Amino acid sequence: MGSTDVEKAVDDCIIFAVNGERYEVADADPSTTLLEFLRSRTPFKSVKLGCGEGGCGACVVLLSKYDSALDKVESFNVSSCLTLLCSINGCSITTSEGLGNRKNGFHPIHQRFAGFHASQCGFCTPGMCMSFFSALVNAEETNRLEAPPGFSKITVSEAEKAITGNLCRCTGYRPIADACKSFAADVDLEDLGINSFWRKGDTKEVKSCRLPSYHSKDHACSYTEKLGDEFRLTRPFNSKKYSWFSPVTIEELQQLFHSDAVSSIKLVVGNTSNGYYKETEKYDKYIDLRYIPELSVVKMDESGIEFGAALSISKVVLHLKEQSKSNLCSSGELVFKKIAEHMEKIASGFVKNMASIGGNLIMAQQNNFPSDITTLLLAVGSSVSILSGNKHEKISFEDFFSRPPLDPRTVLLSVHIPLLKPTTGDGLVQANATLLFETYRAAPRPLGNALPYLNAAFLADISSVKNGILVNNIYLAFGAYGTKHATRAGKVEEYLRGEILSVRVLDEAIKMVKCSVVPEEGTSHASYRSSLAASFLFEFLNSFSSVGSSISGGSFEELNGLLLEGARKFSNDGTMSPSENKPLLSSAKQEVNSSTDYYPVGEPMPKFGAAIQASGEAVFVDDIPSPPSCLHGAFVYSTKPLARVKDVSFKSHPQPTAVISVKDIPKEGENVGALTNFGPEPLFVEDVARFAGDLIAFVVADTQKNANLAAKGAQIDYDTDGLEPPILTVEEAVKQSSFFDVPPFLYPQQIGDFSKGMAEADHKILSAEIRLGSQYYFYMETHTALAIPDEDNCMVVYSSIQCPEFAHRAIAQCLGIPEHNVRVLTRRVGGGFGGKAYKSIPVATACALAAYKLRRPVRIYLDRKTDMVIAGGRHPMKITYSVGFKSDGKITALHLDILINAGITVDISPIIPHKMMGVFKKYDWGALSFDIKVCKTNITSKSAMRAPGEVQASFIAEAIIEHVASSLSMEVDSVRNRNFHSYESLKLFYGSASGESIEFTLPSVWDKVARTSNFQQRISMIEQFNRSNIWLKRGISRIPIVHEVMVRTAPGKVSILWDGSIVVEVGGIELGQGLWTKVKQVAAYALSLVQCVGTEDLVEKVRVVQADTLSLVQGGLTAGSTTSESSCEAVRLCCNVLVERLAPLKEKLQMQMGSVKWDALILQAHSENVNLAANSFFVPDPSSTKYLNYGAAVSEVEVNILTGGTRILRTDIVYDCGQSLNPAVDLGQIEGAFVQGLGFYMQEEYPTNSDGLVIANGTWTYKVPTLDTIPKQFNVEVLNSGHHEKRVLSSKASGEPPLLLAASVHCATRAAIKGARRQLKSWGALEGTDSTFQLDVPATMPVVKQLCGLDSVETYLQTLLSTS
């Protein structure tokens, strides 16, 4: 067939604006995303690639476009990693740089993020700012009263929810929420945490004045308001050359379908499906459906509401809410409201703003996507209109989903949701009947991007009769539980119709629904999902009796008494889901004690560079513009363990520019990918791939997208003939005696006589077992590097790495060139947590090797999946312990057998035993013996992750204490107290690291956290709550930490320039931990000792510059929590030298002039040739290399017995920072570490398949904590414990130790589960009631529900039946 009208009428240019700059693009590849364009063809780098799935928010921008129907500009945030460039014709895009910047002035959002200490590494911050700005813009569009000066119309609840879709791995979210809430008209400024704007005790008026000024009109983005006439008149974009078409009628769409025999067509609305179903090849034709009026229509009549299939989910929610407000008395419109509220919980706002309702349903129909919307609409009898060829059909949801997957040329036109009314059997409206509609979902996150374990929607037509509640009709829909599509529980519906509700009826219905909702074989957590179906149905049917009086207008006397009692107790539990307008977080307290002894050290200054991080001007490695002729790389890795690689071929088009493998290593070089303290590790597979994730080759192409596509399309031919089976578990490693050696100096010392201690015990627990899994770093910035060949056979490498020096050595060794020919530079890292230490080296080395061979610059930015596969993560372990203890809970002896799964190479694994014992010894175990083996297995090498070995050891210690308490039926807190260290026992266990007795602050910290958290009173309150509530149980726990750290060596260099400004270099890398900020403060303090005029503001004159391995050597590894203080001490030593050099000149000038200004002193020093550059290398005194950190936390958790869901109601932390170098920075480290620990203990699963290949490979399957999962009330006190002679300016570490305190949440969850199991026992259950049980890590919803009883509902109903 020939070309259609739409194909002939082409407009080959896309016209749009970015931050007010006009762009006209004539060479638009239709698969190009907005993110790709912004990062590669504009100067705006604030949009970051964090996941490529719409799951992290790092790439969020504001999109503004003219709505011709409303004759106004509408603005909303979108995920630029999913938005296709061709779809933004006629739009205006605003990035964080567009809001404000260093040159034109920062936006108040940027200023408040900086001032509330809401940015650490800064990689996520621009996306956070844009998500929040979008909410501000939309709040100003409402008809609410004008906000007071300095504030917005936005509410506290809206401010919080605006950022629930954005991930942050550094801050713990609390300061981000505070920065956003500071704009809200209804905020109580007293509820906001520490900031740089006001001091404690300031009045509300003073606080309001000191906030950076905000006025909605002055700080609205001009680009959202001034779309020119050109944009208003822009036609839909069509390009035959690039195969993108935008039909404006159904007829044009049909013509496009039949114009050519193209093999593949992509129908486009928001392209958000690409976040889940990744495209691996380009389509022949892209058709944008948004300009066809029939697909964007909203029609409302007496039959219901019809939505065009191309309408965004956000607009569907808006229309449903408007309809529900129009008639609050109508049951049908209440259904609309419930559907809208449920839709608000799914996906993030920046995804729903582009995702269409039709696209969601098509994904479910074609690809079995576990859609919530499908389940909701199935329950209310919705229908769809589809167009197949010339055939237009209106069919039911059941029919739609029972058909085979739709052909790409079949179009979903609209969705109809009926307006429901209670009816009799003959269809007449029944006077005394009412409709009840509820929706449910259980998912790893309450809000946003999380697939449910099960979702459900129930519709019931009920009426009050003489002896109870009559079910006239009922519809029960379940979805996402491991079947292809959402289904109706037909047999249960049939059973319930015509029944008068009673305990017996409810019991039978629950049994039937568990038989109806059965996941397909192979579905994870199958029993849990079926149990959820029973829980949701119970919750729904049980609610009937609580609405009985409103139906009948009478009392409850005639209703089934037992059921009513249950319903009343159930309703006492409170809401099971977040209220629409209820804030996610409560007020919290942050107590910091500043010290002026070493001013400006000790001041809670904002983190250096926070404002430019917020505006997106801070430069990360991938933000560095690509040099001319730059190529891009991607890794091809093995998917098999211990398999011979026979051949690698590539099917992609275009073919890669080059494929770099072990064969391309220069003959002078070596196959070295990393150097650790324990030896080298290979870069590439030589013959046999040793594990799934082993690097086979480095594919190089003209763009990162093409390199990624080529790598994904690689065909690898494996052969296992003659090879031994791989070792994948620690048990297999033991059988094969496959271990790494631990040097004797790293193997911890045992304490006391175990046999004697066991002989003294009254009770013993023998060979109890604990298993702990891994954890992924989930730094927001994945591994990245840029290698540039330089003159004279040199190589310059920019790397996002925690140890540039190690990369420097590895690159030189791999290329076979002298180390002085290599230069590695690192300015900042977008989150590290140990994962950017040795694991970054192969990435930088591969880039350097490719650049060396091709003599062209080569860069790489790993996609999230590849990063997760090769990262390694935390060490999995198997622990077996035997413990002896007295009847009063005092432990007399403990033996541990620990098997650590190190993976294939040694990495840092030999230090794990030492690290573990440094934390594990926090209790007085009496006699402590252990046998720790580091197992070599055929899985990805495990590496350092924030508190390596220590986070596991802390949990093991608490698990043993909990086990002992359960065995003795004692309160666990009293067992902890019984085994608390005295200073004498502390010295026995820790030796010289214990310090002086005055430094042993743990007892006072322990008492203080109990006092400030009202620990004892709350124990009684929780007991009362648990007695009064059936389906919610609470638990509380208090735990201590003793964390041993080792002070590192560190180099420093300080130079004073002619104008008095100061340049500082340190070996430590800025990872977001505030190292540069502390260094600036220390430099300012140390130089101020010269005592001249102007030194009080010296901190503003200090700049810390990037790490450069040729400028400053021996930089070492930034890790272990002490690099900041070591770097500060190195800088202080430099400054002391400079002050010593300046002192004679200053005294001379003082005698001549009276007073001497800093600038004048420095100018004169330059003139007199005083050496104003000083180097140092700090080496800690052997007697003070190690020291102990102390802290304690109390956490309270609420467990939903029906779902296994947990809510952290409150956490209180007291942490001893010595004299903090910067209390605001340390507070951020404490909160961020705690929340990362929360992920390990409660949420984050990092599973592998049977070959050891990681299968949790993105934001869909790996769930880090989010704003809606952190403690609702989060109180932290940074304790100033005074002078510590041997510490750097009396400071102590804060980066890792607080992470261990998150175990308090796990222990509190265990306490809540104990309450549930006691209740289960009181109901007569025979299984699952023992007070001693193992709560796995992480304690996810399925784990918690299993321990609370998968059959708890049935057991409860049986109790009621037996009682009656």
# chains A, B, ... in the order shown; residues from 1 in each chain; ligands from 1

$ residues_around --residues "A:Met130" --least-positions-apart "5" --cutoff "8 Å" --atoms "only C-alpha atoms" --output "ChimeraX atom specification"
/A:60-62,77,95-96

$ residues_around --residues "A:Thr1095" --least-positions-apart "5" --cutoff "12 Å" --atoms "only C-alpha atoms" --output "ChimeraX atom specification"
/A:599-600,1060-1062,1081,1083-1090,1100-1102,1156-1162

$ residues_around --residues "A:Asp507" --least-positions-apart "4" --cutoff "8 Å" --atoms "only C-alpha atoms" --output "PyMOL selection string"
chain A and resi 503+511+1354+1357-1358

$ select_by_dssp --residues "stretch 798-1040 of chain A" --states "alpha helix (DSSP H)" --output "PyMOL selection string"
chain A and resi 804-815+841-854+864-870+912-920+950-968+972-978+983-990+1002-1012+1015-1028

$ select_by_dssp --residues "stretch 392-502 of chain A" --states "strand (DSSP E)" --output "ChimeraX atom specification"
/A:392-396,410-418,433-442,454-465,468-479,487-488

$ write_last_selection --atoms "N, CA and C atoms" --output "tab-separated table (two decimals), in the first residue's frame"
chain	number	residue	atom	x	y	z
A	392	HIS	N	-15.15	-2.51	15.73
A	392	HIS	CA	-15.21	-1.78	16.99
A	392	HIS	C	-16.06	-2.59	17.96
A	393	GLU	N	-15.45	-2.99	19.11
A	393	GLU	CA	-16.17	-3.83	20.08
A	393	GLU	C	-16.17	-3.19	21.45
A	394	LYS	N	-17.27	-3.40	22.18
A	394	LYS	CA	-17.30	-3.08	23.60
A	394	LYS	C	-17.47	-4.38	24.35
A	395	ILE	N	-16.49	-4.73	25.17
A	395	ILE	CA	-16.51	-6.03	25.82
A	395	ILE	C	-16.24	-5.89	27.32
A	396	SER	N	-16.64	-6.87	28.08
A	396	SER	CA	-16.42	-6.87	29.53
A	396	SER	C	-14.95	-7.12	29.83
A	410	THR	N	-4.22	-3.89	17.27
A	410	THR	CA	-5.49	-3.77	17.97
A	410	THR	C	-5.33	-2.69	19.05
A	411	VAL	N	-6.24	-1.74	19.05
A	411	VAL	CA	-6.11	-0.57	19.91
A	411	VAL	C	-7.21	-0.56	20.96
A	412	LEU	N	-6.80	-0.33	22.19
A	412	LEU	CA	-7.76	-0.10	23.27
A	412	LEU	C	-8.16	1.37	23.20
A	413	LEU	N	-9.46	1.62	22.99
A	413	LEU	CA	-9.94	2.99	22.80
A	413	LEU	C	-10.35	3.66	24.10
A	414	SER	N	-11.11	2.94	24.93
A	414	SER	CA	-11.63	3.57	26.13
A	414	SER	C	-11.95	2.52	27.19
A	415	VAL	N	-12.12	3.01	28.41
A	415	VAL	CA	-12.48	2.19	29.56
A	415	VAL	C	-13.71	2.78	30.21
A	416	HIS	N	-14.71	1.96	30.48
A	416	HIS	CA	-15.95	2.43	31.09
A	416	HIS	C	-16.09	1.87	32.49
A	417	ILE	N	-16.27	2.76	33.47
A	417	ILE	CA	-16.50	2.36	34.86
A	417	ILE	C	-17.96	2.69	35.18
A	418	PRO	N	-18.76	1.70	35.51
A	418	PRO	CA	-20.19	1.97	35.72
A	418	PRO	C	-20.46	2.73	37.02
A	433	ALA	N	-30.97	-0.90	51.06
A	433	ALA	CA	-29.70	-1.54	50.74
A	433	ALA	C	-28.61	-0.50	50.59
A	434	THR	N	-27.39	-0.97	50.71
A	434	THR	CA	-26.24	-0.08	50.52
A	434	THR	C	-25.14	-0.82	49.79
A	435	LEU	N	-24.33	-0.07	49.09
A	435	LEU	CA	-23.16	-0.64	48.42
A	435	LEU	C	-21.93	-0.39	49.29
A	436	LEU	N	-21.14	-1.42	49.47
A	436	LEU	CA	-19.85	-1.28	50.14
A	436	LEU	C	-18.76	-1.66	49.14
A	437	PHE	N	-17.73	-0.83	49.09
A	437	PHE	CA	-16.63	-1.11	48.16
A	437	PHE	C	-15.33	-0.80	48.87
A	438	GLU	N	-14.41	-1.74	48.84
A	438	GLU	CA	-13.09	-1.55	49.44
A	438	GLU	C	-12.03	-2.15	48.54
A	439	THR	N	-10.86	-1.54	48.60
A	439	THR	CA	-9.72	-2.07	47.84
A	439	THR	C	-8.57	-2.34	48.80
A	440	TYR	N	-7.72	-3.27	48.42
A	440	TYR	CA	-6.62	-3.71	49.29
A	440	TYR	C	-5.39	-4.00	48.45
A	441	ARG	N	-4.25	-3.80	49.07
A	441	ARG	CA	-3.00	-4.26	48.46
A	441	ARG	C	-1.97	-4.47	49.56
A	442	ALA	N	-1.18	-5.50	49.39
A	442	ALA	CA	-0.04	-5.73	50.27
A	442	ALA	C	1.21	-5.71	49.39
A	454	LEU	N	-0.25	-9.23	46.57
A	454	LEU	CA	-1.64	-9.49	46.18
A	454	LEU	C	-2.40	-8.18	46.29
A	455	ASN	N	-3.29	-7.96	45.32
A	455	ASN	CA	-4.22	-6.84	45.45
A	455	ASN	C	-5.64	-7.38	45.34
A	456	ALA	N	-6.60	-6.62	45.83
A	456	ALA	CA	-7.98	-7.10	45.83
A	456	ALA	C	-8.93	-5.92	45.83
A	457	ALA	N	-10.10	-6.14	45.29
A	457	ALA	CA	-11.17	-5.15	45.32
A	457	ALA	C	-12.48	-5.90	45.51
A	458	PHE	N	-13.27	-5.45	46.46
A	458	PHE	CA	-14.51	-6.14	46.81
A	458	PHE	C	-15.69	-5.17	46.76
A	459	LEU	N	-16.76	-5.59	46.11
A	459	LEU	CA	-17.99	-4.81	46.02
A	459	LEU	C	-19.14	-5.65	46.56
A	460	ALA	N	-19.87	-5.10	47.51
A	460	ALA	CA	-20.98	-5.85	48.10
A	460	ALA	C	-22.23	-4.98	48.16
A	461	ASP	N	-23.34	-5.60	47.84
A	461	ASP	CA	-24.66	-5.00	47.95
A	461	ASP	C	-25.31	-5.68	49.15
A	462	ILE	N	-25.48	-4.96	50.25
A	462	ILE	CA	-26.00	-5.57	51.47
A	462	ILE	C	-27.21	-4.80	51.98
A	463	SER	N	-28.02	-5.46	52.79
A	463	SER	CA	-29.15	-4.80	53.42
A	463	SER	C	-29.36	-5.40	54.81
A	464	SER	N	-30.01	-4.63	55.64
A	464	SER	CA	-30.27	-5.06	57.01
A	464	SER	C	-31.60	-5.80	57.05
A	465	VAL	N	-31.59	-7.00	57.62
A	465	VAL	CA	-32.81	-7.77	57.81
A	465	VAL	C	-32.95	-8.05	59.30
A	468	GLY	N	-29.93	-9.88	60.98
A	468	GLY	CA	-28.55	-9.59	60.63
A	468	GLY	C	-28.38	-8.84	59.33
A	469	ILE	N	-27.23	-9.04	58.71
A	469	ILE	CA	-26.87	-8.40	57.45
A	469	ILE	C	-27.00	-9.41	56.32
A	470	LEU	N	-27.80	-9.06	55.33
A	470	LEU	CA	-28.03	-9.93	54.18
A	470	LEU	C	-27.13	-9.49	53.02
A	471	VAL	N	-26.42	-10.45	52.45
A	471	VAL	CA	-25.60	-10.17	51.28
A	471	VAL	C	-26.46	-10.38	50.05
A	472	ASN	N	-26.87	-9.27	49.41
A	472	ASN	CA	-27.69	-9.38	48.20
A	472	ASN	C	-26.84	-9.81	47.01
A	473	ASN	N	-25.69	-9.19	46.92
A	473	ASN	CA	-24.80	-9.50	45.80
A	473	ASN	C	-23.38	-9.14	46.21
A	474	ILE	N	-22.40	-9.79	45.61
A	474	ILE	CA	-21.01	-9.52	45.99
A	474	ILE	C	-20.08	-9.88	44.84
A	475	TYR	N	-19.04	-9.07	44.68
A	475	TYR	CA	-18.02	-9.30	43.66
A	475	TYR	C	-16.66	-9.26	44.35
A	476	LEU	N	-15.87	-10.29	44.14
A	476	LEU	CA	-14.57	-10.42	44.80
A	476	LEU	C	-13.49	-10.60	43.74
A	477	ALA	N	-12.65	-9.58	43.57
A	477	ALA	CA	-11.59	-9.64	42.56
A	477	ALA	C	-10.23	-9.67	43.25
A	478	PHE	N	-9.37	-10.55	42.75
A	478	PHE	CA	-8.01	-10.69	43.28
A	478	PHE	C	-7.02	-10.64	42.11
A	479	GLY	N	-5.87	-10.03	42.37
A	479	GLY	CA	-4.87	-9.96	41.31
A	479	GLY	C	-3.46	-9.96	41.85
A	487	THR	N	-8.53	-12.16	38.75
A	487	THR	CA	-9.63	-13.12	38.64
A	487	THR	C	-10.71	-12.78	39.66
A	488	ARG	N	-11.90	-13.30	39.40
A	488	ARG	CA	-13.00	-13.21	40.35
A	488	ARG	C	-13.12	-14.55	41.07

$ closest_atom_pairs --of "stretch 1093-1112 of chain A" --to "stretch 798-815 of chain A" --cutoff "8 Å" --atoms "only C-alpha atoms" --output "JSON lines"
{"residue": "A:Ala1107", "atom": "CA", "partner": "A:Pro804", "partner_atom": "CA", "distance": 7.8}
{"residue": "A:Asp1108", "atom": "CA", "partner": "A:Pro804", "partner_atom": "CA", "distance": 8.0}
{"residue": "A:Thr1109", "atom": "CA", "partner": "A:Glu805", "partner_atom": "CA", "distance": 6.0}

$ write_last_selection --atoms "N, CA, C and O atoms" --output "compact mmCIF listing (two decimals), in the first residue's frame"
# COMPACT_ATOMS: atom_id res chain seq x y z
N ALA A 1107 40.61 14.82 44.31
CA ALA A 1107 41.76 13.94 44.54
C ALA A 1107 42.46 13.70 43.20
O ALA A 1107 41.81 13.42 42.19
N ASP A 1108 43.77 13.81 43.22
CA ASP A 1108 44.60 13.64 42.03
C ASP A 1108 45.79 12.78 42.44
O ASP A 1108 46.61 13.19 43.26
N THR A 1109 45.88 11.58 41.89
CA THR A 1109 46.88 10.62 42.35
C THR A 1109 48.31 11.01 42.00
O THR A 1109 49.26 10.43 42.54

$ residues_around --residues "A:Phe1240" --least-positions-apart "5" --cutoff "10 Å" --atoms "only C-alpha atoms" --output "tab-separated table (two decimals) with N, CA, C and O atoms, in the first residue's frame"
chain	number	residue	atom	x	y	z
A	772	LEU	N	22.26	-15.42	57.33
A	772	LEU	CA	22.11	-14.02	56.92
A	772	LEU	C	22.47	-13.90	55.45
A	772	LEU	O	23.47	-14.45	54.98
A	773	GLY	N	21.63	-13.16	54.72
A	773	GLY	CA	21.86	-12.97	53.29
A	773	GLY	C	22.71	-11.75	53.00
A	773	GLY	O	23.30	-11.14	53.89
A	774	SER	N	22.75	-11.38	51.74
A	774	SER	CA	23.57	-10.26	51.29
A	774	SER	C	22.74	-8.98	51.23
A	774	SER	O	21.53	-8.99	51.51
A	775	GLN	N	23.38	-7.90	50.90
A	775	GLN	CA	22.72	-6.60	50.71
A	775	GLN	C	23.46	-5.87	49.61
A	775	GLN	O	24.69	-5.90	49.54
A	776	TYR	N	22.72	-5.20	48.75
A	776	TYR	CA	23.31	-4.42	47.65
A	776	TYR	C	23.47	-2.96	48.09
A	776	TYR	O	22.65	-2.43	48.84
A	874	ARG	N	27.17	-7.27	50.42
A	874	ARG	CA	27.52	-7.70	51.78
A	874	ARG	C	27.72	-9.21	51.83
A	874	ARG	O	27.14	-9.95	51.04
A	951	VAL	N	27.52	-5.20	60.87
A	951	VAL	CA	26.05	-5.19	60.92
A	951	VAL	C	25.52	-6.60	61.17
A	951	VAL	O	24.52	-6.79	61.88
A	952	GLN	N	26.21	-7.60	60.62
A	952	GLN	CA	25.82	-8.99	60.89
A	952	GLN	C	26.10	-9.36	62.34
A	952	GLN	O	25.28	-9.99	63.01
A	1234	PHE	N	21.43	4.65	59.94
A	1234	PHE	CA	20.34	3.90	60.56
A	1234	PHE	C	19.35	3.40	59.52
A	1234	PHE	O	18.95	2.23	59.54
A	1235	VAL	N	18.98	4.27	58.59
A	1235	VAL	CA	17.98	3.88	57.58
A	1235	VAL	C	18.56	2.85	56.62
A	1235	VAL	O	17.85	1.94	56.18
A	1245	GLU	N	16.09	-7.57	49.86
A	1245	GLU	CA	16.39	-8.95	49.48
A	1245	GLU	C	17.25	-8.92	48.21
A	1245	GLU	O	16.91	-8.27	47.24
A	1246	TYR	N	18.35	-9.67	48.24
A	1246	TYR	CA	19.33	-9.65	47.15
A	1246	TYR	C	19.57	-11.09	46.69
A	1246	TYR	O	20.67	-11.62	46.79
A	1264	VAL	N	14.84	-0.47	48.61
A	1264	VAL	CA	15.52	0.24	49.70
A	1264	VAL	C	14.47	1.03	50.47
A	1264	VAL	O	13.36	1.27	49.98
A	1265	PRO	N	14.78	1.44	51.70
A	1265	PRO	CA	13.81	2.25	52.45
A	1265	PRO	C	13.46	3.53	51.71
A	1265	PRO	O	14.27	4.10	50.97
A	1299	LEU	N	24.56	2.53	61.96
A	1299	LEU	CA	23.84	1.58	61.12
A	1299	LEU	C	23.40	0.37	61.94
A	1299	LEU	O	22.32	-0.19	61.72
A	1300	LEU	N	24.23	-0.01	62.90
A	1300	LEU	CA	23.96	-1.21	63.71
A	1300	LEU	C	22.74	-1.03	64.62
A	1300	LEU	O	22.12	-2.00	65.04
A	1302	ALA	N	19.93	-0.03	63.86
A	1302	ALA	CA	18.69	-0.42	63.18
A	1302	ALA	C	18.22	-1.81	63.60
A	1302	ALA	O	17.05	-2.16	63.38
A	1303	ALA	N	19.09	-2.59	64.20
A	1303	ALA	CA	18.67	-3.89	64.72
A	1303	ALA	C	17.57	-3.73	65.77
A	1303	ALA	O	16.82	-4.67	66.04
A	1306	HIS	N	14.31	-4.51	64.18
A	1306	HIS	CA	14.11	-5.95	64.01
A	1306	HIS	C	13.71	-6.59	65.34
A	1306	HIS	O	12.79	-7.42	65.39
A	1337	VAL	N	16.31	-12.32	58.52
A	1337	VAL	CA	16.77	-11.03	58.01
A	1337	VAL	C	16.85	-11.14	56.50
A	1337	VAL	O	17.50	-12.05	55.99
A	1338	PRO	N	16.15	-10.26	55.76
A	1338	PRO	CA	15.28	-9.19	56.25
A	1338	PRO	C	13.91	-9.72	56.68
A	1338	PRO	O	13.44	-10.72	56.15
A	1339	ALA	N	13.30	-9.00	57.63
A	1339	ALA	CA	11.98	-9.39	58.15
A	1339	ALA	C	10.90	-8.79	57.26
A	1339	ALA	O	10.21	-7.85	57.64

$ residues_around --residues "A:Met1341" --least-positions-apart "6" --cutoff "7 Å" --atoms "only C-alpha atoms" --output "NGL selection string"
:A and (1203-1205)

$ write_last_selection --atoms "C-alpha atoms" --output "PDB file, in the first residue's frame"
ATOM      1  CA  THR A1203      -0.742  -8.785  56.192  1.00  0.00           C
ATOM      2  CA  GLY A1204       2.604  -9.059  57.985  1.00  0.00           C
ATOM      3  CA  GLY A1205       3.169  -5.369  57.327  1.00  0.00           C
TER       4      GLY A1205
END

$ closest_residue --among "A:Asp694, A:Glu1044, A:Gly889, A:Gly389" --to "A:Ser974" --atoms "only C-alpha atoms"
A:Gly889

$ closest_residue --among "A:Asn708, A:Ser767, A:Asn793, A:Asn1171" --to "A:Pro818" --atoms "only C-alpha atoms"
A:Asn793

$ residues_around --residues "A:Gly1191" --least-positions-apart "6" --cutoff "7 Å" --atoms "only C-alpha atoms" --output "tab-separated table (two decimals) with all heavy atoms, in the first residue's frame"
chain	number	residue	atom	x	y	z
A	1002	LEU	N	28.95	4.44	77.54
A	1002	LEU	CA	27.79	3.63	77.20
A	1002	LEU	C	26.75	3.54	78.32
A	1002	LEU	O	25.56	3.65	78.05
A	1002	LEU	CB	28.23	2.23	76.75
A	1002	LEU	CG	27.10	1.32	76.27
A	1002	LEU	CD1	26.36	1.94	75.08
A	1002	LEU	CD2	27.63	-0.06	75.87
A	1005	VAL	N	24.75	6.66	78.17
A	1005	VAL	CA	23.98	6.68	76.91
A	1005	VAL	C	22.77	5.74	77.02
A	1005	VAL	O	21.65	6.09	76.62
A	1005	VAL	CB	24.89	6.25	75.73
A	1005	VAL	CG1	24.06	5.95	74.48
A	1005	VAL	CG2	25.91	7.34	75.43
A	1040	PRO	N	22.09	-1.61	72.60
A	1040	PRO	CA	23.30	-0.79	72.62
A	1040	PRO	C	24.22	-1.17	71.46
A	1040	PRO	O	24.06	-2.22	70.83
A	1040	PRO	CB	23.95	-1.21	73.94
A	1040	PRO	CG	23.63	-2.69	74.02
A	1040	PRO	CD	22.28	-2.88	73.34
A	1041	ILE	N	25.18	-0.31	71.19
A	1041	ILE	CA	26.28	-0.70	70.29
A	1041	ILE	C	27.60	-0.30	70.92
A	1041	ILE	O	27.72	0.73	71.58
A	1041	ILE	CB	26.18	-0.09	68.88
A	1041	ILE	CG1	26.12	1.44	68.93
A	1041	ILE	CG2	25.03	-0.68	68.10
A	1041	ILE	CD1	26.42	2.11	67.59
A	1214	VAL	N	20.51	7.85	70.85
A	1214	VAL	CA	21.53	8.69	71.50
A	1214	VAL	C	22.87	8.14	71.06
A	1214	VAL	O	23.15	6.95	71.25
A	1214	VAL	CB	21.40	8.67	73.04
A	1214	VAL	CG1	22.53	9.48	73.66
A	1214	VAL	CG2	20.06	9.23	73.48
A	1215	TYR	N	23.71	9.00	70.47
A	1215	TYR	CA	24.99	8.54	69.92
A	1215	TYR	C	26.10	9.49	70.36
A	1215	TYR	O	25.98	10.72	70.25
A	1215	TYR	CB	24.92	8.48	68.39
A	1215	TYR	CG	26.17	7.92	67.77
A	1215	TYR	CD1	26.41	6.55	67.77
A	1215	TYR	CD2	27.12	8.76	67.21
A	1215	TYR	CE1	27.58	6.03	67.23
A	1215	TYR	CE2	28.29	8.26	66.67
A	1215	TYR	CZ	28.51	6.89	66.68
A	1215	TYR	OH	29.67	6.39	66.15
A	1216	ASP	N	27.17	8.90	70.83
A	1216	ASP	CA	28.31	9.67	71.34
A	1216	ASP	C	29.27	9.99	70.20
A	1216	ASP	O	29.93	9.10	69.67
A	1216	ASP	CB	29.01	8.86	72.44
A	1216	ASP	CG	30.24	9.58	73.00
A	1216	ASP	OD1	30.50	10.73	72.61
A	1216	ASP	OD2	30.94	8.98	73.85

$ atom_distance --atom1 "atom CA of A:Glu1196" --atom2 "atom CA of A:Asn1275"
12.1 Å
